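Data block for structure-v1.cif (mmCIF, C-alpha atoms and all ligand atoms):
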data_coords
#
loop_
_atom_site.group_PDB
_atom_site.id
_atom_site.type_symbol
_atom_site.label_atom_id
_atom_site.label_comp_id
_atom_site.auth_asym_id
_atom_site.auth_seq_id
_atom_site.Cartn_x
_atom_site.Cartn_y
_atom_site.Cartn_z
ATOM 1 C CA MET F 1 0.000 0.000 0.000
ATOM 2 C CA ASP F 2 1.379 3.356 -1.108
ATOM 3 C CA ASN F 3 -0.859 5.617 0.928
ATOM 4 C CA ILE F 4 -0.484 6.136 4.655
ATOM 5 C CA LEU F 5 -3.600 8.334 4.825
ATOM 6 C CA GLU F 6 -6.800 8.085 2.798
ATOM 7 C CA ILE F 7 -9.637 10.546 3.366
ATOM 8 C CA SER F 8 -12.875 10.472 1.381
ATOM 9 C CA GLY F 9 -16.229 12.269 1.514
ATOM 10 C CA LEU F 10 -15.532 13.908 4.862
ATOM 11 C CA ASN F 11 -18.219 16.311 6.136
ATOM 12 C CA LYS F 12 -18.308 18.202 9.405
ATOM 13 C CA HIS F 13 -20.692 20.859 10.753
ATOM 14 C CA PHE F 14 -20.255 23.010 13.849
ATOM 15 C CA GLY F 15 -23.887 24.054 14.417
ATOM 16 C CA LYS F 16 -24.933 25.622 11.116
ATOM 17 C CA LYS F 17 -21.326 26.251 10.069
ATOM 18 C CA ILE F 18 -19.975 23.837 7.453
ATOM 19 C CA ALA F 19 -16.352 23.245 8.473
ATOM 20 C CA LEU F 20 -15.583 20.380 6.048
ATOM 21 C CA ASP F 21 -17.431 19.922 2.773
ATOM 22 C CA ASN F 22 -16.852 16.570 1.053
ATOM 23 C CA VAL F 23 -13.122 16.594 1.805
ATOM 24 C CA GLY F 24 -11.025 13.890 0.184
ATOM 25 C CA PHE F 25 -7.298 13.411 -0.412
ATOM 26 C CA ASN F 26 -4.598 10.786 0.036
ATOM 27 C CA ILE F 27 -1.055 11.002 1.362
ATOM 28 C CA LYS F 28 1.716 8.780 0.027
ATOM 29 C CA LYS F 29 4.145 7.166 2.458
ATOM 30 C CA GLY F 30 7.338 9.159 2.959
ATOM 31 C CA HIS F 31 5.873 12.342 1.467
ATOM 32 C CA ILE F 32 5.837 15.777 3.074
ATOM 33 C CA VAL F 33 2.413 17.270 2.441
ATOM 34 C CA GLY F 34 1.581 20.924 3.059
ATOM 35 C CA LEU F 35 -2.025 21.681 4.022
ATOM 36 C CA VAL F 36 -2.650 25.348 3.234
ATOM 37 C CA GLY F 37 -5.550 27.769 3.044
ATOM 38 C CA PRO F 38 -6.944 30.947 4.593
ATOM 39 C CA ASN F 39 -7.853 31.346 8.276
ATOM 40 C CA GLY F 40 -10.854 29.232 9.209
ATOM 41 C CA ALA F 41 -10.627 27.109 6.026
ATOM 42 C CA GLY F 42 -10.736 23.814 7.931
ATOM 43 C CA LYS F 43 -7.074 22.758 8.267
ATOM 44 C CA SER F 44 -7.085 22.112 12.023
ATOM 45 C CA THR F 45 -10.488 20.408 11.756
ATOM 46 C CA ILE F 46 -9.053 17.906 9.234
ATOM 47 C CA MET F 47 -6.047 17.247 11.452
ATOM 48 C CA LYS F 48 -8.180 16.740 14.558
ATOM 49 C CA ALA F 49 -10.499 14.379 12.652
ATOM 50 C CA VAL F 50 -7.504 12.339 11.431
ATOM 51 C CA LEU F 51 -6.332 12.061 15.041
ATOM 52 C CA GLY F 52 -9.796 10.921 16.197
ATOM 53 C CA LEU F 53 -10.031 14.008 18.452
ATOM 54 C CA ILE F 54 -13.346 15.120 16.927
ATOM 55 C CA GLY F 55 -16.176 13.199 15.313
ATOM 56 C CA THR F 56 -17.344 13.888 11.749
ATOM 57 C CA ASP F 57 -20.833 13.782 10.194
ATOM 58 C CA SER F 58 -19.925 11.446 7.358
ATOM 59 C CA GLY F 59 -17.003 10.193 5.300
ATOM 60 C CA GLN F 60 -14.019 7.949 5.882
ATOM 61 C CA ILE F 61 -10.511 8.358 7.266
ATOM 62 C CA LYS F 62 -8.026 5.519 6.994
ATOM 63 C CA VAL F 63 -4.510 5.519 8.449
ATOM 64 C CA GLU F 64 -2.465 2.556 7.208
ATOM 65 C CA ASP F 65 -5.711 1.074 5.876
ATOM 66 C CA GLU F 66 -7.370 1.146 9.311
ATOM 67 C CA LEU F 67 -10.561 3.163 9.794
ATOM 68 C CA ILE F 68 -10.241 6.085 12.208
ATOM 69 C CA SER F 69 -13.102 7.543 14.226
ATOM 70 C CA ILE F 70 -13.531 9.264 17.548
ATOM 71 C CA ASN F 71 -14.097 5.855 19.147
ATOM 72 C CA ASN F 72 -11.599 3.870 17.170
ATOM 73 C CA HIS F 73 -8.031 4.797 16.431
ATOM 74 C CA PRO F 74 -5.788 1.747 16.622
ATOM 75 C CA ALA F 75 -3.449 3.024 13.908
ATOM 76 C CA LEU F 76 -2.745 6.162 15.866
ATOM 77 C CA GLU F 77 0.002 4.486 17.868
ATOM 78 C CA LYS F 78 2.078 5.129 14.764
ATOM 79 C CA VAL F 79 1.110 8.818 14.630
ATOM 80 C CA GLY F 80 2.754 11.798 16.327
ATOM 81 C CA ALA F 81 1.081 15.191 16.438
ATOM 82 C CA LEU F 82 1.383 18.828 17.382
ATOM 83 C CA ILE F 83 -2.052 20.445 17.257
ATOM 84 C CA GLU F 84 -2.487 24.164 17.946
ATOM 85 C CA TYR F 85 -0.732 25.088 21.205
ATOM 86 C CA PRO F 86 1.236 22.268 22.801
ATOM 87 C CA GLY F 87 -0.139 21.319 26.235
ATOM 88 C CA ILE F 88 2.729 22.317 28.492
ATOM 89 C CA TYR F 89 2.820 22.256 32.298
ATOM 90 C CA PRO F 90 4.758 25.258 33.701
ATOM 91 C CA TYR F 91 6.197 23.453 36.721
ATOM 92 C CA MET F 92 7.578 20.483 34.789
ATOM 93 C CA THR F 93 10.897 20.531 32.962
ATOM 94 C CA GLY F 94 11.081 19.903 29.228
ATOM 95 C CA ARG F 95 12.662 16.528 29.892
ATOM 96 C CA GLU F 96 9.850 15.534 32.281
ATOM 97 C CA HIS F 97 7.336 16.329 29.530
ATOM 98 C CA LEU F 98 9.231 14.093 27.119
ATOM 99 C CA LYS F 99 9.383 11.303 29.729
ATOM 100 C CA LEU F 100 5.584 11.429 30.035
ATOM 101 C CA TYR F 101 5.214 10.861 26.292
ATOM 102 C CA ALA F 102 8.132 8.560 25.460
ATOM 103 C CA THR F 103 7.264 4.877 25.339
ATOM 104 C CA GLY F 104 9.082 1.637 24.588
ATOM 105 C CA ALA F 105 12.467 0.200 25.436
ATOM 106 C CA ASN F 106 14.350 3.034 23.695
ATOM 107 C CA ALA F 107 12.495 5.848 25.457
ATOM 108 C CA GLU F 108 15.579 7.381 27.132
ATOM 109 C CA SER F 109 17.787 7.259 24.045
ATOM 110 C CA ASN F 110 14.915 8.602 21.885
ATOM 111 C CA ILE F 111 14.596 11.549 24.281
ATOM 112 C CA ASP F 112 18.349 12.230 24.145
ATOM 113 C CA GLN F 113 18.303 12.067 20.363
ATOM 114 C CA ILE F 114 15.393 14.459 19.771
ATOM 115 C CA VAL F 115 16.716 16.932 22.386
ATOM 116 C CA GLU F 116 20.039 16.998 20.570
ATOM 117 C CA GLU F 117 18.513 17.173 17.090
ATOM 118 C CA LEU F 118 16.346 20.141 18.047
ATOM 119 C CA GLU F 119 19.241 21.763 19.970
ATOM 120 C CA MET F 120 17.314 21.908 23.250
ATOM 121 C CA THR F 121 20.071 20.545 25.503
ATOM 122 C CA LYS F 122 20.767 23.867 27.262
ATOM 123 C CA TYR F 123 17.264 24.292 28.660
ATOM 124 C CA ILE F 124 15.680 20.838 28.673
ATOM 125 C CA GLN F 125 16.266 20.495 32.461
ATOM 126 C CA MET F 126 14.652 23.875 33.166
ATOM 127 C CA LYS F 127 11.002 24.285 34.191
ATOM 128 C CA ALA F 128 8.781 25.099 31.205
ATOM 129 C CA LYS F 129 7.489 28.282 32.879
ATOM 130 C CA SER F 130 10.783 29.923 31.914
ATOM 131 C CA TYR F 131 10.474 28.906 28.234
ATOM 132 C CA SER F 132 9.971 31.427 25.459
ATOM 133 C CA LEU F 133 7.243 30.888 22.826
ATOM 134 C CA GLY F 134 9.759 29.326 20.456
ATOM 135 C CA MET F 135 11.198 27.037 23.160
ATOM 136 C CA LYS F 136 7.670 25.806 23.992
ATOM 137 C CA GLN F 137 6.999 25.255 20.311
ATOM 138 C CA LYS F 138 10.180 23.208 19.963
ATOM 139 C CA LEU F 139 9.152 21.136 22.988
ATOM 140 C CA GLY F 140 5.762 20.530 21.307
ATOM 141 C CA ILE F 141 7.555 19.349 18.157
ATOM 142 C CA ALA F 142 9.874 17.142 20.235
ATOM 143 C CA LEU F 143 6.806 15.558 21.898
ATOM 144 C CA ALA F 144 5.335 14.800 18.463
ATOM 145 C CA LEU F 145 8.558 13.175 17.253
ATOM 146 C CA VAL F 146 9.999 11.469 20.341
ATOM 147 C CA ASN F 147 8.461 8.038 19.673
ATOM 148 C CA LYS F 148 9.706 8.045 16.055
ATOM 149 C CA PRO F 149 6.183 7.817 14.583
ATOM 150 C CA GLU F 150 5.634 6.703 10.984
ATOM 151 C CA PHE F 151 3.181 9.542 10.378
ATOM 152 C CA VAL F 152 3.556 13.034 11.845
ATOM 153 C CA ILE F 153 0.862 15.728 11.876
ATOM 154 C CA LEU F 154 2.093 19.246 12.628
ATOM 155 C CA ASP F 155 -0.325 22.192 12.876
ATOM 156 C CA GLU F 156 1.596 25.446 12.372
ATOM 157 C CA PRO F 157 4.933 24.030 13.634
ATOM 158 C CA MET F 158 6.887 27.127 12.544
ATOM 159 C CA ASN F 159 4.888 29.409 14.872
ATOM 160 C CA GLY F 160 7.256 31.411 17.032
ATOM 161 C CA LEU F 161 10.430 29.789 15.680
ATOM 162 C CA ASP F 162 13.393 31.995 14.771
ATOM 163 C CA PRO F 163 15.059 31.503 11.360
ATOM 164 C CA GLN F 164 17.737 29.218 12.824
ATOM 165 C CA ALA F 165 15.149 26.985 14.542
ATOM 166 C CA ASN F 166 13.093 26.973 11.342
ATOM 167 C CA LYS F 167 16.084 25.722 9.374
ATOM 168 C CA LEU F 168 16.780 23.054 11.984
ATOM 169 C CA LEU F 169 13.167 21.888 11.844
ATOM 170 C CA ARG F 170 13.179 21.828 8.036
ATOM 171 C CA GLU F 171 16.353 19.764 7.952
ATOM 172 C CA LEU F 172 14.986 17.334 10.544
ATOM 173 C CA ILE F 173 11.701 16.880 8.662
ATOM 174 C CA VAL F 174 13.500 16.275 5.343
ATOM 175 C CA LYS F 175 15.909 13.805 6.980
ATOM 176 C CA GLN F 176 13.074 11.851 8.585
ATOM 177 C CA ALA F 177 11.007 11.858 5.396
ATOM 178 C CA LYS F 178 13.988 10.416 3.492
ATOM 179 C CA ALA F 179 14.059 7.632 6.102
ATOM 180 C CA GLY F 180 10.361 6.917 5.384
ATOM 181 C CA THR F 181 8.394 9.113 7.819
ATOM 182 C CA THR F 182 5.317 10.851 6.374
ATOM 183 C CA PHE F 183 4.404 14.437 7.303
ATOM 184 C CA LEU F 184 1.177 16.429 7.091
ATOM 185 C CA ILE F 185 2.016 20.042 7.922
ATOM 186 C CA SER F 186 -0.186 23.121 7.994
ATOM 187 C CA SER F 187 1.525 26.484 7.888
ATOM 188 C CA HIS F 188 0.889 30.078 6.943
ATOM 189 C CA ILE F 189 4.634 30.517 6.439
ATOM 190 C CA LEU F 190 4.510 29.414 2.824
ATOM 191 C CA SER F 191 8.109 30.359 2.129
ATOM 192 C CA GLU F 192 9.195 27.723 4.689
ATOM 193 C CA LEU F 193 6.669 25.098 3.607
ATOM 194 C CA GLY F 194 7.587 25.648 -0.043
ATOM 195 C CA LYS F 195 11.176 24.580 0.679
ATOM 196 C CA ILE F 196 10.259 21.091 1.906
ATOM 197 C CA ALA F 197 6.789 20.028 0.732
ATOM 198 C CA ASP F 198 6.429 17.315 -1.938
ATOM 199 C CA ASP F 199 2.704 17.892 -2.333
ATOM 200 C CA ILE F 200 0.289 20.699 -1.519
ATOM 201 C CA VAL F 201 -3.378 20.372 -0.548
ATOM 202 C CA VAL F 202 -5.285 23.669 -0.687
ATOM 203 C CA ILE F 203 -8.493 24.075 1.312
ATOM 204 C CA GLU F 204 -10.904 26.991 1.248
ATOM 205 C CA GLN F 205 -14.195 27.224 3.152
ATOM 206 C CA GLY F 206 -14.065 23.516 3.933
ATOM 207 C CA LYS F 207 -13.513 22.414 0.310
ATOM 208 C CA ILE F 208 -10.339 21.001 -1.223
ATOM 209 C CA ILE F 209 -9.670 23.243 -4.225
ATOM 210 C CA ALA F 210 -6.247 21.896 -5.235
ATOM 211 C CA ASP F 211 -4.242 18.763 -4.479
ATOM 212 C CA ALA F 212 -1.063 18.226 -6.476
ATOM 213 C CA PRO F 213 2.725 17.900 -6.378
ATOM 214 C CA ILE F 214 4.298 21.244 -5.433
ATOM 215 C CA ASP F 215 6.016 21.574 -8.830
ATOM 216 C CA GLU F 216 2.602 21.460 -10.476
ATOM 217 C CA ILE F 217 1.146 23.960 -8.002
ATOM 218 C CA THR F 218 3.992 26.440 -8.509
ATOM 219 C CA HIS F 219 4.361 25.703 -12.242
ATOM 220 C CA ALA F 220 8.044 24.999 -11.652
ATOM 221 C CA ASP F 221 8.452 24.411 -15.397
ATOM 222 C CA LYS F 222 7.353 27.978 -16.118
ATOM 223 C CA LYS F 223 9.829 30.577 -14.961
ATOM 224 C CA LEU F 224 9.158 34.261 -14.641
ATOM 225 C CA ILE F 225 11.223 36.741 -16.636
ATOM 226 C CA ILE F 226 11.768 40.045 -14.849
ATOM 227 C CA LEU F 227 13.080 42.919 -16.949
ATOM 228 C CA GLU F 228 14.431 46.341 -16.130
ATOM 229 C CA THR F 229 14.135 48.560 -19.158
ATOM 230 C CA SER F 230 14.667 52.177 -20.161
ATOM 231 C CA ASP F 231 10.850 52.625 -20.117
ATOM 232 C CA ASP F 232 8.977 49.950 -18.116
ATOM 233 C CA ASN F 233 5.515 51.468 -18.740
ATOM 234 C CA LYS F 234 6.024 51.487 -22.498
ATOM 235 C CA ALA F 235 7.544 47.965 -22.391
ATOM 236 C CA ARG F 236 4.480 46.621 -20.546
ATOM 237 C CA GLN F 237 2.169 48.328 -23.031
ATOM 238 C CA ILE F 238 3.986 46.912 -26.080
ATOM 239 C CA LEU F 239 4.049 43.405 -24.605
ATOM 240 C CA LYS F 240 0.324 43.574 -23.847
ATOM 241 C CA GLU F 241 -0.428 44.803 -27.398
ATOM 242 C CA ASN F 242 1.415 41.734 -28.632
ATOM 243 C CA ASN F 243 -0.728 39.462 -26.447
ATOM 244 C CA TYR F 244 1.856 38.617 -23.819
ATOM 245 C CA ALA F 245 0.463 38.095 -20.303
ATOM 246 C CA VAL F 246 2.224 40.809 -18.299
ATOM 247 C CA ALA F 247 1.745 41.225 -14.561
ATOM 248 C CA ASP F 248 0.320 44.609 -13.524
ATOM 249 C CA GLU F 249 3.223 45.618 -11.324
ATOM 250 C CA ASN F 250 5.935 48.206 -11.262
ATOM 251 C CA LYS F 251 8.400 45.902 -12.931
ATOM 252 C CA VAL F 252 8.058 44.121 -16.273
ATOM 253 C CA ILE F 253 7.209 40.510 -15.376
ATOM 254 C CA ILE F 254 6.295 37.872 -17.969
ATOM 255 C CA GLN F 255 5.779 34.153 -17.520
ATOM 256 C CA GLN F 256 8.113 32.156 -19.744
ATOM 257 C CA ASN F 257 6.872 29.010 -21.510
ATOM 258 C CA LYS F 258 7.448 27.143 -24.778
ATOM 259 C CA GLU F 259 5.901 29.913 -26.892
ATOM 260 C CA VAL F 260 7.033 32.848 -24.769
ATOM 261 C CA THR F 261 10.819 32.865 -25.040
ATOM 262 C CA LEU F 262 13.282 35.439 -23.770
ATOM 263 C CA ALA F 263 14.688 35.915 -27.289
ATOM 264 C CA LYS F 264 11.271 36.853 -28.742
ATOM 265 C CA ILE F 265 10.550 39.316 -25.933
ATOM 266 C CA LEU F 266 13.946 41.024 -26.112
ATOM 267 C CA ARG F 267 13.746 41.345 -29.916
ATOM 268 C CA LEU F 268 10.266 42.902 -29.749
ATOM 269 C CA LEU F 269 11.313 45.448 -27.131
ATOM 270 C CA VAL F 270 14.635 46.370 -28.727
ATOM 271 C CA GLU F 271 12.936 46.791 -32.123
ATOM 272 C CA SER F 272 10.485 49.166 -30.385
ATOM 273 C CA GLY F 273 13.379 51.338 -29.213
ATOM 274 C CA ILE F 274 13.456 50.171 -25.611
ATOM 275 C CA ASP F 275 16.816 49.410 -23.963
ATOM 276 C CA ILE F 276 17.102 46.356 -21.715
ATOM 277 C CA ASN F 277 19.099 47.192 -18.575
ATOM 278 C CA ASP F 278 18.711 43.909 -16.681
ATOM 279 C CA VAL F 279 17.152 40.461 -17.067
ATOM 280 C CA LYS F 280 16.358 38.190 -14.122
ATOM 281 C CA HIS F 281 14.711 34.797 -13.877
ATOM 282 C CA GLN F 282 12.584 33.741 -10.968
ATOM 283 C CA ASN F 283 10.630 30.595 -10.169
ATOM 284 C CA ALA F 284 7.062 31.233 -9.104
ATOM 285 C CA VAL F 285 6.844 30.963 -5.320
ATOM 286 C CA LEU F 286 4.224 28.993 -3.416
ATOM 287 C CA GLU F 287 2.668 32.137 -1.973
ATOM 288 C CA ASP F 288 1.933 33.633 -5.412
ATOM 289 C CA SER F 289 0.627 30.313 -6.711
ATOM 290 C CA LEU F 290 -1.685 29.922 -3.717
ATOM 291 C CA LEU F 291 -3.072 33.434 -4.120
ATOM 292 C CA GLN F 292 -3.737 32.682 -7.799
ATOM 293 C CA ILE F 293 -5.484 29.376 -6.959
ATOM 294 C CA LEU F 294 -7.713 31.138 -4.397
ATOM 295 C CA LYS F 295 -8.463 33.946 -6.886
ATOM 296 C CA ASP F 296 -9.343 31.476 -9.666
ATOM 297 C CA ASP F 297 -11.594 29.556 -7.262
ATOM 298 C CA GLU F 298 -13.473 32.754 -6.365
ATOM 299 C CA LYS F 299 -14.315 33.253 -10.051
HETATM 300 N N1 LIG F 301 -15.118 23.719 18.178
HETATM 301 C C1 LIG F 301 -15.662 24.505 17.249
HETATM 302 N N2 LIG F 301 -16.874 25.053 17.403
HETATM 303 C C2 LIG F 301 -17.426 25.830 16.454
HETATM 304 N N3 LIG F 301 -16.830 26.157 15.297
HETATM 305 C C3 LIG F 301 -15.601 25.645 15.067
HETATM 306 C C4 LIG F 301 -14.953 24.806 16.040
HETATM 307 N N4 LIG F 301 -13.748 24.458 15.533
HETATM 308 C C5 LIG F 301 -13.651 25.055 14.328
HETATM 309 N N5 LIG F 301 -14.758 25.762 14.041
HETATM 310 C C6 LIG F 301 -15.035 26.504 12.799
HETATM 311 O O1 LIG F 301 -14.727 25.664 11.700
HETATM 312 C C7 LIG F 301 -14.064 26.383 10.670
HETATM 313 C C8 LIG F 301 -12.732 25.734 10.368
HETATM 314 O O2 LIG F 301 -11.858 25.960 11.473
HETATM 315 P P1 LIG F 301 -10.355 25.426 11.516
HETATM 316 O O3 LIG F 301 -9.838 25.702 12.883
HETATM 317 O O4 LIG F 301 -10.313 24.038 11.021
HETATM 318 O O5 LIG F 301 -9.662 26.382 10.450
HETATM 319 P P2 LIG F 301 -8.107 26.519 10.061
HETATM 320 O O6 LIG F 301 -8.021 26.337 8.582
HETATM 321 O O7 LIG F 301 -7.293 25.621 10.907
HETATM 322 O O8 LIG F 301 -7.858 28.042 10.405
HETATM 323 P P3 LIG F 301 -6.530 28.845 10.905
HETATM 324 O O9 LIG F 301 -5.641 28.974 9.736
HETATM 325 O O10 LIG F 301 -7.107 30.163 11.314
HETATM 326 O O11 LIG F 301 -5.960 28.062 12.044
HETATM 327 C C9 LIG F 301 -13.969 27.824 11.151
HETATM 328 O O12 LIG F 301 -15.041 28.549 10.611
HETATM 329 C C10 LIG F 301 -14.107 27.716 12.652
HETATM 330 O O13 LIG F 301 -14.698 28.877 13.180
#

Would you write out, as structure tokens, the structure that this file holds?
Ligand SMILES: Nc1ncnc2c1ncn2[C@@H]1O[C@H](COP(=O)(O)OP(=O)(O)OP(=O)(O)O)[C@@H](O)[C@H]1O
Amino acid sequence: MDNILEISGLNKHFGKKIALDNVGFNIKKGHIVGLVGPNGAGKSTIMKAVLGLIGTDSGQIKVEDELISINNHPALEKVGALIEYPGIYPYMTGREHLKLYATGANAESNIDQIVEELEMTKYIQMKAKSYSLGMKQKLGIALALVNKPEFVILDEPMNGLDPQANKLLRELIVKQAKAGTTFLISSHILSELGKIADDIVVIEQGKIIADAPIDEITHADKKLIILETSDDNKARQILKENNYAVADENKVIIQQNKEVTLAKILRLLVESGIDINDVKHQNAVLEDSLLQILKDDEK
């Protein structure tokens, strides 16, 4: 079986509010999947349903081919999770928290390993009441990972982390995914998610509106050409008159593809008396692609 998670036809109401509307998607083993969408779209609700923390009205969730519900979650022994704010007790040390969670014969060495990997050694023996937001967040991530689960669900794991901690977390996630661990991660920090995700699932108002490999979502095959010219306004106007799709920005930005080549664009502009001062290439970033997907869906 290739999929670690299979969700189909999932519906959930909170009173009259539809939180999940016929949600379905699968996650392949060893993949890092980003779950993205606006505030209140339904990301946390999906994660809680997968963890059997909330019931749903209808639909199916399977982890490792086993059905999950609020009353039945045998497969969840293989799952580690950080959902919203980690439950942290101020008068316990970080290490005591990890001891509460760690199970199995290798519990102590697993604790040592995750503390070292997340660079928490300096403060792991201190009471959690002295922890900063980022230190608490790291402890929450450590709790999700300490038992080396096969499937990890992280809701906004980058919250409160500084750039160095973010990098550490990214590297750890990629390393574990290479070793076979699967990740479902929600984050509003798309620049961070975009660096590690294999696949992206986009949710809006409870509906899945896109579900594809990240290269497809960001059109990695189509680069942007960014020009600096002697007259950017005139350059944009000429390109538009010649049916090129030009972004309405201060710069001159055109999406490159098989038909739209740099050579054709430069020739057209130079022949129109415009000097080219600089040419840059840029891959579309996840944030822009997501905004476009949400805009298209609105239409
Ligand atoms: N316990 C609850 N009672 C009532 N409404 C809820 C409850 N939990 C979630 N909702 C509603 O369900 C919808 C989806 O919420 P959810 O927390 O899943 O969104 P989200 O995508 O995680 O948002 P964010 O990015 O802001 O964290 C929202 O409209 C929210 O108000």

### Query
What does the distance between atom P3 of ligand LIG 301 (chain F) and atom CA of F:Lys62 come to in Å, to one decimal place?
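Computed distance, atom P3 of ligand LIG 301 (chain F) to atom CA of F:Lys62, equals 23.7 Å.
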
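Our summary of the geometry notes that atom CA of F:Leu269 is positioned 8.0 Å from atom CA of F:Leu239.
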
### Task
On this file, the PyMOL selection byres (((chain F and resi 174) around 10) and not hetatm) gives some set of residues; write that set as a ChimeraX atom specification.
/F:30-32,169-173,175-183,195-197

Could you list, with a cut-off of 8 Å and counting only C-alpha atoms, the residues of stretch 118-213 of chain F near stretch 93-111 of chain F, each shown with its nearest atom pair and the distance in Å rounded to one decimal, rows sorted by chain and ascending number, as a Markdown table?
| residue | atom | partner | partner_atom | distance |
| --- | --- | --- | --- | --- |
| F:Tyr123 | CA | F:Gly94 | CA | 7.6 |
| F:Ile124 | CA | F:Gly94 | CA | 4.7 |
| F:Gln125 | CA | F:Thr93 | CA | 5.4 |
| F:Met126 | CA | F:Thr93 | CA | 5.0 |
| F:Lys127 | CA | F:Thr93 | CA | 4.0 |
| F:Ala128 | CA | F:Thr93 | CA | 5.3 |
| F:Leu139 | CA | F:Gly94 | CA | 6.6 |
| F:Ala142 | CA | F:Leu98 | CA | 7.6 |
| F:Leu143 | CA | F:Leu98 | CA | 5.9 |
| F:Val146 | CA | F:Asn110 | CA | 5.9 |
| F:Asn147 | CA | F:Ala102 | CA | 5.8 |
| F:Lys148 | CA | F:Asn110 | CA | 7.8 |

### Message
Quick check on the file I pasted: which residues fall under the PyMOL selection byres (((not hetatm)) within 9 of (chain F and resi 301))? Write them as a PyMOL selection string.
### Response
chain F and resi 12-15+17-20+35-48+54+84+155-156+186-188+203-206

### Query
Of the residues F:Lys280, F:Lys16, F:Lys138, F:Lys295, which is the one nearest to F:Val115, using all atoms listed in the file?
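Among F:Lys280, F:Lys16, F:Lys138, F:Lys295, it is F:Lys138 that comes nearest to F:Val115.
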
Box dimensions and centre (Å, one decimal) enclosing stretch 280-289 of chain F, axis-aligned, 3 Å extra per side, as lines of an AutoDock Vina configuration file:
center_x = 8.5
center_y = 33.6
center_z = -8.0
size_x = 21.7
size_y = 15.2
size_z = 18.1
